[in-house]
Structure formats: C-alpha cells, structure tokens
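One file, model_32.cif, is given below (mmCIF, N, CA and C atoms).
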data_coords
#
loop_
_atom_site.label_atom_id
_atom_site.label_comp_id
_atom_site.auth_asym_id
_atom_site.auth_seq_id
_atom_site.Cartn_x
_atom_site.Cartn_y
_atom_site.Cartn_z
N PRO M 777 14.02 14.22 -14.99
CA PRO M 777 13.04 15.28 -14.71
C PRO M 777 13.51 16.19 -13.58
N GLU M 778 13.04 17.41 -13.61
CA GLU M 778 13.40 18.37 -12.57
C GLU M 778 12.70 17.99 -11.28
N VAL M 779 13.47 17.98 -10.18
CA VAL M 779 12.94 17.61 -8.87
C VAL M 779 13.14 18.78 -7.92
N VAL M 780 12.09 19.14 -7.20
CA VAL M 780 12.19 20.16 -6.16
C VAL M 780 11.88 19.48 -4.84
N PHE M 781 12.93 19.24 -4.05
CA PHE M 781 12.74 18.63 -2.74
C PHE M 781 12.19 19.68 -1.79
N THR M 782 11.13 19.34 -1.09
CA THR M 782 10.54 20.27 -0.14
C THR M 782 10.84 19.89 1.30
N SER M 783 11.32 18.66 1.50
CA SER M 783 11.65 18.21 2.85
C SER M 783 12.47 16.94 2.78
N GLY M 784 13.26 16.73 3.81
CA GLY M 784 14.06 15.52 3.93
C GLY M 784 14.14 15.13 5.39
N ALA M 785 15.36 14.94 5.87
CA ALA M 785 15.56 14.62 7.29
C ALA M 785 15.05 15.77 8.14
N ARG M 786 14.40 15.43 9.24
CA ARG M 786 13.84 16.45 10.12
C ARG M 786 14.19 16.17 11.58
N THR M 787 14.41 17.24 12.32
CA THR M 787 14.49 17.15 13.77
C THR M 787 13.06 17.02 14.30
N ILE M 788 12.93 16.77 15.58
CA ILE M 788 11.59 16.73 16.18
C ILE M 788 10.87 18.06 15.97
N ALA M 789 11.56 19.16 16.19
CA ALA M 789 10.94 20.48 16.01
C ALA M 789 10.49 20.68 14.57
N GLN M 790 11.29 20.27 13.61
CA GLN M 790 10.92 20.40 12.20
C GLN M 790 9.74 19.51 11.85
N GLN M 791 9.71 18.29 12.40
CA GLN M 791 8.59 17.38 12.16
C GLN M 791 7.31 17.96 12.74
N ALA M 792 7.39 18.47 13.96
CA ALA M 792 6.22 19.06 14.60
C ALA M 792 5.71 20.26 13.79
N SER M 793 6.61 21.07 13.31
CA SER M 793 6.23 22.24 12.52
C SER M 793 5.57 21.84 11.20
N ALA M 794 6.15 20.85 10.53
CA ALA M 794 5.58 20.39 9.26
C ALA M 794 4.17 19.83 9.47
N MET M 795 4.01 19.03 10.50
CA MET M 795 2.70 18.46 10.78
C MET M 795 1.71 19.55 11.19
N ALA M 796 2.15 20.49 11.99
CA ALA M 796 1.27 21.55 12.47
C ALA M 796 0.73 22.39 11.32
N GLY M 797 1.55 22.65 10.32
CA GLY M 797 1.08 23.39 9.16
C GLY M 797 -0.07 22.68 8.46
N ASN M 798 0.00 21.35 8.42
CA ASN M 798 -1.07 20.58 7.81
C ASN M 798 -2.28 20.44 8.73
N VAL M 799 -2.05 20.38 10.04
CA VAL M 799 -3.15 20.31 11.00
C VAL M 799 -3.98 21.60 10.95
N VAL M 800 -3.33 22.74 10.72
CA VAL M 800 -4.06 24.01 10.58
C VAL M 800 -5.08 23.89 9.45
N LYS M 801 -4.73 23.20 8.38
CA LYS M 801 -5.61 23.03 7.23
C LYS M 801 -6.64 21.92 7.43
N ASN M 802 -6.28 20.91 8.22
CA ASN M 802 -7.14 19.74 8.43
C ASN M 802 -6.87 19.20 9.83
N ARG M 803 -7.77 19.43 10.77
CA ARG M 803 -7.57 19.03 12.17
C ARG M 803 -7.45 17.51 12.33
N LYS M 804 -7.85 16.74 11.34
CA LYS M 804 -7.73 15.28 11.40
C LYS M 804 -6.56 14.78 10.55
N TYR M 805 -5.67 15.69 10.15
CA TYR M 805 -4.54 15.34 9.30
C TYR M 805 -3.73 14.17 9.86
N ILE M 806 -3.42 14.19 11.13
CA ILE M 806 -2.58 13.14 11.73
C ILE M 806 -3.29 11.80 11.63
N GLU M 807 -4.54 11.77 12.04
CA GLU M 807 -5.33 10.54 12.01
C GLU M 807 -5.50 10.01 10.59
N GLU M 808 -5.63 10.90 9.63
CA GLU M 808 -5.87 10.51 8.24
C GLU M 808 -4.59 10.20 7.47
N THR M 809 -3.45 10.48 8.05
CA THR M 809 -2.18 10.33 7.33
C THR M 809 -1.32 9.19 7.85
N TYR M 810 -1.18 9.10 9.15
CA TYR M 810 -0.22 8.17 9.74
C TYR M 810 -0.87 6.83 10.08
N GLN M 811 -0.07 5.78 10.07
CA GLN M 811 -0.55 4.45 10.41
C GLN M 811 -1.00 4.41 11.86
N VAL M 812 -1.97 3.54 12.12
CA VAL M 812 -2.47 3.37 13.47
C VAL M 812 -1.32 2.98 14.40
N SER M 813 -1.18 3.74 15.47
CA SER M 813 -0.13 3.47 16.47
C SER M 813 -0.46 4.27 17.72
N ASP M 814 0.19 3.91 18.81
CA ASP M 814 0.04 4.68 20.04
C ASP M 814 0.52 6.12 19.84
N GLU M 815 1.58 6.29 19.04
CA GLU M 815 2.12 7.62 18.79
C GLU M 815 1.12 8.48 18.02
N ARG M 816 0.51 7.92 17.00
CA ARG M 816 -0.50 8.66 16.24
C ARG M 816 -1.64 9.08 17.15
N LYS M 817 -2.12 8.14 17.98
CA LYS M 817 -3.23 8.43 18.88
C LYS M 817 -2.86 9.54 19.85
N GLU M 818 -1.65 9.48 20.39
CA GLU M 818 -1.20 10.49 21.35
C GLU M 818 -1.21 11.89 20.71
N LEU M 819 -0.71 11.99 19.49
CA LEU M 819 -0.66 13.28 18.81
C LEU M 819 -2.06 13.76 18.42
N GLN M 820 -2.88 12.88 17.85
CA GLN M 820 -4.22 13.28 17.45
C GLN M 820 -5.06 13.65 18.67
N ASP M 821 -4.89 12.91 19.76
CA ASP M 821 -5.62 13.24 20.99
C ASP M 821 -5.25 14.64 21.46
N TRP M 822 -3.96 15.00 21.36
CA TRP M 822 -3.55 16.33 21.77
C TRP M 822 -4.27 17.38 20.92
N VAL M 823 -4.31 17.16 19.61
CA VAL M 823 -5.00 18.11 18.71
C VAL M 823 -6.48 18.20 19.10
N ASP M 824 -7.12 17.05 19.29
CA ASP M 824 -8.54 17.03 19.62
C ASP M 824 -8.82 17.67 20.98
N ASP M 825 -7.91 17.48 21.92
CA ASP M 825 -8.10 18.00 23.28
C ASP M 825 -7.73 19.47 23.43
N ASN M 826 -7.17 20.06 22.37
CA ASN M 826 -6.74 21.46 22.41
C ASN M 826 -7.33 22.26 21.24
N PRO M 827 -8.66 22.38 21.20
CA PRO M 827 -9.29 23.07 20.07
C PRO M 827 -8.94 24.55 19.98
N ASP M 828 -8.48 25.14 21.08
CA ASP M 828 -8.09 26.56 21.06
C ASP M 828 -6.71 26.77 20.44
N ALA M 829 -5.95 25.69 20.26
CA ALA M 829 -4.65 25.79 19.58
C ALA M 829 -4.95 25.80 18.08
N LYS M 830 -4.87 26.98 17.49
CA LYS M 830 -5.26 27.14 16.08
C LYS M 830 -4.10 27.54 15.16
N THR M 831 -3.06 28.14 15.73
CA THR M 831 -1.96 28.59 14.90
C THR M 831 -0.93 27.47 14.73
N LYS M 832 -0.15 27.58 13.68
CA LYS M 832 0.90 26.60 13.43
C LYS M 832 1.86 26.52 14.61
N SER M 833 2.25 27.66 15.17
CA SER M 833 3.21 27.63 16.27
C SER M 833 2.62 27.01 17.54
N GLN M 834 1.35 27.27 17.84
CA GLN M 834 0.71 26.66 19.00
C GLN M 834 0.63 25.14 18.86
N ILE M 835 0.22 24.70 17.69
CA ILE M 835 0.08 23.26 17.44
C ILE M 835 1.45 22.60 17.44
N ALA M 836 2.42 23.22 16.78
CA ALA M 836 3.78 22.65 16.74
C ALA M 836 4.34 22.47 18.14
N ALA M 837 4.13 23.45 19.01
CA ALA M 837 4.65 23.35 20.38
C ALA M 837 4.02 22.16 21.11
N GLY M 838 2.73 21.95 20.93
CA GLY M 838 2.07 20.82 21.57
C GLY M 838 2.56 19.49 21.05
N LEU M 839 2.68 19.37 19.73
CA LEU M 839 3.16 18.12 19.13
C LEU M 839 4.60 17.84 19.53
N GLU M 840 5.41 18.89 19.51
CA GLU M 840 6.82 18.73 19.88
C GLU M 840 6.96 18.27 21.33
N SER M 841 6.13 18.78 22.21
CA SER M 841 6.21 18.40 23.62
C SER M 841 5.95 16.91 23.80
N ILE M 842 5.14 16.34 22.95
CA ILE M 842 4.87 14.90 23.01
C ILE M 842 6.03 14.12 22.41
N MET M 843 6.46 14.50 21.22
CA MET M 843 7.51 13.75 20.52
C MET M 843 8.85 13.81 21.23
N ASN M 844 9.08 14.85 22.03
CA ASN M 844 10.35 14.94 22.78
C ASN M 844 10.55 13.78 23.72
N GLY M 845 9.48 13.11 24.12
CA GLY M 845 9.60 11.97 25.02
C GLY M 845 9.73 10.63 24.32
N TRP M 846 9.76 10.64 23.01
CA TRP M 846 9.81 9.39 22.24
C TRP M 846 11.23 8.85 22.10
N THR M 847 11.32 7.53 22.02
CA THR M 847 12.59 6.87 21.73
C THR M 847 12.88 7.00 20.23
N ASP M 848 14.11 6.69 19.84
CA ASP M 848 14.45 6.70 18.41
C ASP M 848 13.58 5.72 17.64
N GLU M 849 13.26 4.58 18.23
CA GLU M 849 12.43 3.58 17.56
C GLU M 849 11.01 4.09 17.37
N GLN M 850 10.49 4.81 18.33
CA GLN M 850 9.15 5.40 18.18
C GLN M 850 9.15 6.44 17.06
N LYS M 851 10.18 7.26 17.02
CA LYS M 851 10.27 8.28 15.96
C LYS M 851 10.36 7.61 14.59
N TYR M 852 11.18 6.58 14.47
CA TYR M 852 11.34 5.84 13.22
C TYR M 852 10.02 5.21 12.80
N GLY M 853 9.31 4.62 13.74
CA GLY M 853 8.05 3.97 13.43
C GLY M 853 6.96 4.94 13.04
N PHE M 854 7.03 6.16 13.56
CA PHE M 854 5.99 7.14 13.26
C PHE M 854 6.25 7.88 11.95
N SER M 855 7.45 8.40 11.78
CA SER M 855 7.79 9.14 10.57
C SER M 855 9.24 8.90 10.20
N ARG M 856 9.46 8.39 9.01
CA ARG M 856 10.82 8.13 8.54
C ARG M 856 11.61 9.43 8.37
N HIS M 857 10.93 10.58 8.30
CA HIS M 857 11.66 11.85 8.22
C HIS M 857 12.61 12.02 9.40
N MET M 858 12.19 11.59 10.58
CA MET M 858 13.02 11.79 11.77
C MET M 858 14.18 10.81 11.85
N SER M 859 14.24 9.87 10.90
CA SER M 859 15.37 8.93 10.81
C SER M 859 16.14 9.13 9.50
N ALA M 860 15.90 10.25 8.83
CA ALA M 860 16.56 10.57 7.56
C ALA M 860 16.30 9.50 6.50
N LEU M 861 15.10 8.91 6.52
CA LEU M 861 14.73 7.88 5.55
C LEU M 861 13.47 8.26 4.78
N ALA M 862 13.27 9.57 4.56
CA ALA M 862 12.10 10.03 3.82
C ALA M 862 12.39 11.38 3.19
N PHE M 863 11.66 11.66 2.13
CA PHE M 863 11.70 12.99 1.54
C PHE M 863 10.35 13.31 0.93
N ASP M 864 10.09 14.60 0.78
CA ASP M 864 8.91 15.09 0.07
C ASP M 864 9.41 15.90 -1.12
N VAL M 865 8.67 15.83 -2.21
CA VAL M 865 9.00 16.64 -3.38
C VAL M 865 7.78 17.43 -3.81
N LYS M 866 8.04 18.52 -4.50
CA LYS M 866 6.96 19.35 -5.02
C LYS M 866 6.20 18.55 -6.07
N PRO M 867 4.89 18.43 -5.91
CA PRO M 867 4.09 17.69 -6.91
C PRO M 867 4.21 18.33 -8.29
N THR M 868 4.13 17.49 -9.29
CA THR M 868 4.24 17.95 -10.67
C THR M 868 3.34 17.09 -11.55
N ALA M 869 3.09 17.55 -12.75
CA ALA M 869 2.30 16.76 -13.70
C ALA M 869 3.17 15.75 -14.44
N ASN M 870 4.46 15.73 -14.12
CA ASN M 870 5.41 14.86 -14.81
C ASN M 870 5.29 13.43 -14.28
N ASP M 871 4.67 12.56 -15.05
CA ASP M 871 4.51 11.16 -14.65
C ASP M 871 5.85 10.43 -14.56
N LYS M 872 6.85 10.88 -15.33
CA LYS M 872 8.17 10.24 -15.28
C LYS M 872 8.80 10.42 -13.90
N LEU M 873 8.60 11.58 -13.29
CA LEU M 873 9.15 11.81 -11.96
C LEU M 873 8.49 10.88 -10.95
N LYS M 874 7.18 10.79 -11.01
CA LYS M 874 6.47 9.91 -10.08
C LYS M 874 6.95 8.47 -10.23
N GLN M 875 7.14 8.01 -11.46
CA GLN M 875 7.60 6.65 -11.69
C GLN M 875 9.04 6.47 -11.23
N ALA M 876 9.86 7.48 -11.44
CA ALA M 876 11.26 7.39 -11.00
C ALA M 876 11.33 7.24 -9.47
N ILE M 877 10.48 7.96 -8.77
CA ILE M 877 10.45 7.82 -7.31
C ILE M 877 10.00 6.41 -6.93
N LYS M 878 8.97 5.92 -7.58
CA LYS M 878 8.45 4.59 -7.27
C LYS M 878 9.47 3.48 -7.56
N ASP M 879 10.43 3.75 -8.44
CA ASP M 879 11.45 2.77 -8.81
C ASP M 879 12.71 2.85 -7.94
N LEU M 880 12.76 3.76 -6.98
CA LEU M 880 13.95 3.90 -6.15
C LEU M 880 14.17 2.65 -5.29
N PRO M 881 15.42 2.25 -5.08
CA PRO M 881 15.70 1.08 -4.24
C PRO M 881 15.30 1.33 -2.79
N ASN M 882 14.86 0.27 -2.14
CA ASN M 882 14.47 0.29 -0.73
C ASN M 882 13.27 1.16 -0.42
N LEU M 883 12.51 1.56 -1.46
CA LEU M 883 11.30 2.34 -1.23
C LEU M 883 10.30 1.50 -0.43
N ARG M 884 9.77 2.09 0.61
CA ARG M 884 8.75 1.43 1.42
C ARG M 884 7.37 1.88 0.98
N GLU M 885 7.18 3.20 0.87
CA GLU M 885 5.89 3.75 0.47
C GLU M 885 6.08 5.04 -0.31
N PHE M 886 5.17 5.27 -1.24
CA PHE M 886 5.08 6.55 -1.93
C PHE M 886 3.63 6.99 -1.86
N PHE M 887 3.41 8.23 -1.42
CA PHE M 887 2.07 8.81 -1.39
C PHE M 887 2.06 10.07 -2.23
N ASP M 888 0.96 10.28 -2.93
CA ASP M 888 0.81 11.57 -3.61
C ASP M 888 -0.28 12.41 -2.94
N LYS M 889 -0.85 11.88 -1.85
CA LYS M 889 -1.78 12.62 -1.00
C LYS M 889 -1.58 12.17 0.45
N GLU M 890 -1.69 13.12 1.35
CA GLU M 890 -1.63 12.83 2.78
C GLU M 890 -2.75 13.61 3.45
N GLY M 891 -3.62 12.91 4.15
CA GLY M 891 -4.70 13.58 4.87
C GLY M 891 -5.52 14.49 3.99
N GLY M 892 -5.73 14.09 2.73
CA GLY M 892 -6.52 14.88 1.80
C GLY M 892 -5.75 16.03 1.15
N LEU M 893 -4.49 16.22 1.52
CA LEU M 893 -3.66 17.29 0.95
C LEU M 893 -2.74 16.70 -0.11
N ILE M 894 -2.48 17.45 -1.16
CA ILE M 894 -1.59 16.96 -2.21
C ILE M 894 -0.15 17.19 -1.76
N ILE M 895 0.48 16.10 -1.36
CA ILE M 895 1.86 16.10 -0.87
C ILE M 895 2.51 14.84 -1.43
N TRP M 896 3.64 14.97 -2.10
CA TRP M 896 4.35 13.79 -2.59
C TRP M 896 5.39 13.41 -1.55
N HIS M 897 5.26 12.19 -1.05
CA HIS M 897 6.11 11.71 0.04
C HIS M 897 6.63 10.32 -0.30
N ALA M 898 7.91 10.12 -0.10
CA ALA M 898 8.53 8.79 -0.28
C ALA M 898 9.28 8.47 1.00
N ASP M 899 9.13 7.23 1.46
CA ASP M 899 9.95 6.80 2.59
C ASP M 899 10.51 5.40 2.34
N PHE M 900 11.57 5.13 3.08
CA PHE M 900 12.40 3.98 2.76
C PHE M 900 12.60 3.05 3.95
N LYS M 901 12.91 1.81 3.63
CA LYS M 901 13.23 0.79 4.63
C LYS M 901 14.65 1.02 5.12
N LYS M 902 14.91 0.60 6.35
CA LYS M 902 16.28 0.63 6.86
C LYS M 902 17.10 -0.37 6.07
N LYS M 903 18.35 -0.02 5.78
CA LYS M 903 19.24 -0.98 5.16
C LYS M 903 19.66 -1.99 6.21
N LYS M 904 19.73 -3.24 5.83
CA LYS M 904 20.07 -4.28 6.81
C LYS M 904 21.53 -4.58 6.78
#

Let me see whether you can do it: turn the structure in this file into structure tokens.
Amino acid sequence: PEVVFTSGARTIAQQASAMAGNVVKNRKYIEETYQVSDERKELQDWVDDNPDAKTKSQIAAGLESIMNGWTDEQKYGFSRHMSALAFDVKPTANDKLKQAIKDLPNLREFFDKEGGLIIWHADFKKKK
C-alpha cells in the first residue's frame, strides 16, 4: 500500500513544534496523548499556566525551553520520535496499511488517534 510518512526522527525543536500545532487545536493534547510522567506534567503545566500563549510558535518556544533540559533517557521515555524510534503516517482508509504497521517487528504501540485528533503513530522498542 502507498505510505505517506508525515514525521519520523525529530529534534527537540521539531518535537516542540509538532506538539504545539496539536496544542493549538486542543489545549489538553499533551495530557490526553502522552503516558503519565513527570515530563508530561511539566509540559502540560506550562500550557495550563500560559493561557495567553495561543500561537504555534509561542507554545513551541515554551515546550522547547522545558525539553532542552531533559536527558536522553527522559526524551526517549516521553516520545520515541526524539530517539528516532517512531514515525507518523498520513491516515488512510486502507486497512492493509494499518495492519502492515501493526505487524512491524519491535512495534511497541500503534495509535490511530492522539488527544482526540486523527493521527497515525507507531513507535518501537529499543533493540537489545
């Protein structure tokens, strides 16, 4: 099946920008998408504490300022994108594509929704 990759490995700035675009649409996106962790709380608290930050660039700058202080292990634990162990693809009605993603080796999780938004995301376990 035809695959359109929309994202893969990300720098901190790219991760912050991607998240900020979704936060503009849903201010609780971080809380509703990421697993419970100190990192998630720190980022969501920033969003909640800065209601005047409404644009993607304002939100991205705030999120990036937090993530810049994280260790590699914190980044890995929060989003596999920052460890080059995740990708997003353009959603499609093709069930074969969804199944092909679910059958990939070392797949940890596949989501077809994040924070109420239709986003196809796959992330992987570290190879041992």

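Here the question is which of M:Tyr810, M:Trp896, M:Ser841, M:Trp846 gets nearest to Pro867 (chain M) using only N, CA and C atoms, and that residue is M:Trp896.
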
query: Skipping near chain neighbours, those fewer than 5 positions away, what residues fall within 9 Å of Ser793 (chain M) using only C-alpha atoms, listed as a ChimeraX atom specification?
result: /M:788,798,832-833,835-837,839-840

File dump, residues just selected, N, CA and C atoms, as a short mmCIF file (atom, residue, chain, number, x, y, z; two decimals), keeping the file's coordinate frame:
data_model
loop_
_atom_site.label_atom_id
_atom_site.label_comp_id
_atom_site.auth_asym_id
_atom_site.auth_seq_id
_atom_site.Cartn_x
_atom_site.Cartn_y
_atom_site.Cartn_z
N ILE M 788 12.93 16.77 15.58
CA ILE M 788 11.59 16.73 16.18
C ILE M 788 10.87 18.06 15.97
N ASN M 798 0.00 21.35 8.42
CA ASN M 798 -1.07 20.58 7.81
C ASN M 798 -2.28 20.44 8.73
N LYS M 832 -0.15 27.58 13.68
CA LYS M 832 0.90 26.60 13.43
C LYS M 832 1.86 26.52 14.61
N SER M 833 2.25 27.66 15.17
CA SER M 833 3.21 27.63 16.27
C SER M 833 2.62 27.01 17.54
N ILE M 835 0.22 24.70 17.69
CA ILE M 835 0.08 23.26 17.44
C ILE M 835 1.45 22.60 17.44
N ALA M 836 2.42 23.22 16.78
CA ALA M 836 3.78 22.65 16.74
C ALA M 836 4.34 22.47 18.14
N ALA M 837 4.13 23.45 19.01
CA ALA M 837 4.65 23.35 20.38
C ALA M 837 4.02 22.16 21.11
N LEU M 839 2.68 19.37 19.73
CA LEU M 839 3.16 18.12 19.13
C LEU M 839 4.60 17.84 19.53
N GLU M 840 5.41 18.89 19.51
CA GLU M 840 6.82 18.73 19.88
C GLU M 840 6.96 18.27 21.33
#

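Proximity ranking of M:Glu808, M:Gly797, M:Ala898, M:Lys889 relative to Val865 (chain M) places M:Ala898 first, based on all atoms listed in the file.
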
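Using only N, CA and C atoms, the nearest neighbour of Arg884 (chain M) within the list M:Asp821, M:Asp814, M:Gly784, M:Asp899 is M:Asp899.
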
field: Result set of the PyMOL selection byres ((chain M and resi 891) around 7) on the coordinates above, as a PyMOL selection string
entry: chain M and resi 804-810+889-890+892-894

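Residues lying within 12 Å of Lys878 (chain M), counting only C-alpha atoms and ignoring same-chain neighbours fewer than 3 positions away, are Asp871, Lys872, Leu873, Lys874, Gln875, Pro881, Asn882, Leu883, Arg884, Glu885, Phe886, Phe887, Asp888, Trp896, His897, Ala898, Asp899 and Phe900 of chain M.
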
message: For this structure, which residues satisfy the selection - the PyMOL selection byres ((chain M and resi 856) around 8) - when it is evaluated on the file as given? I want them as a ChimeraX atom specification.
response: /M:784-786,851-855,857-863,898-900

- request: Pull the helix (DSSP H, G or I) assignments for region 795-887 of chain M out of DSSP run on the backbone, and list those residues as number ranges by chain.
  value: M: 795-801, 805-809, 814-825, 832-843, 848-854, 856-859, 871-878

task: Decode the PyMOL selection byres ((chain M and resi 778-780) around 6) for the given file into explicit residues and return them as a PyMOL selection string.
output: chain M and resi 777+781-782+864-866

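The coordinates place CA of Thr868 (chain M) at 17.7 Å from CA of Leu880 (chain M).
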
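The nearest approach to Gly838 (chain M) among the residues M:Ile877, M:Ala794, M:Arg816, M:Trp822, with only C-alpha atoms taken into account, belongs to M:Trp822.
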
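The closest residue to Leu819 (chain M), picked from M:Glu849, M:Ile895, M:Asp879, M:Asn844 and counting only C-alpha atoms, is M:Asn844.
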
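Between atom N of Met795 (chain M) and atom N of Ser783 (chain M) the separation is 11.6 Å.
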
- request: Quote the spacing between atom N of Glu815 (chain M) and atom C of Gln791 (chain M) in Å to one decimal place.
  value: 14.4 Å

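Distances here use all atoms listed in the file; by that measure, the residue among M:Gln850, M:Asn870, M:Gln820, M:Gln834 closest to Arg803 (chain M) is M:Gln820.
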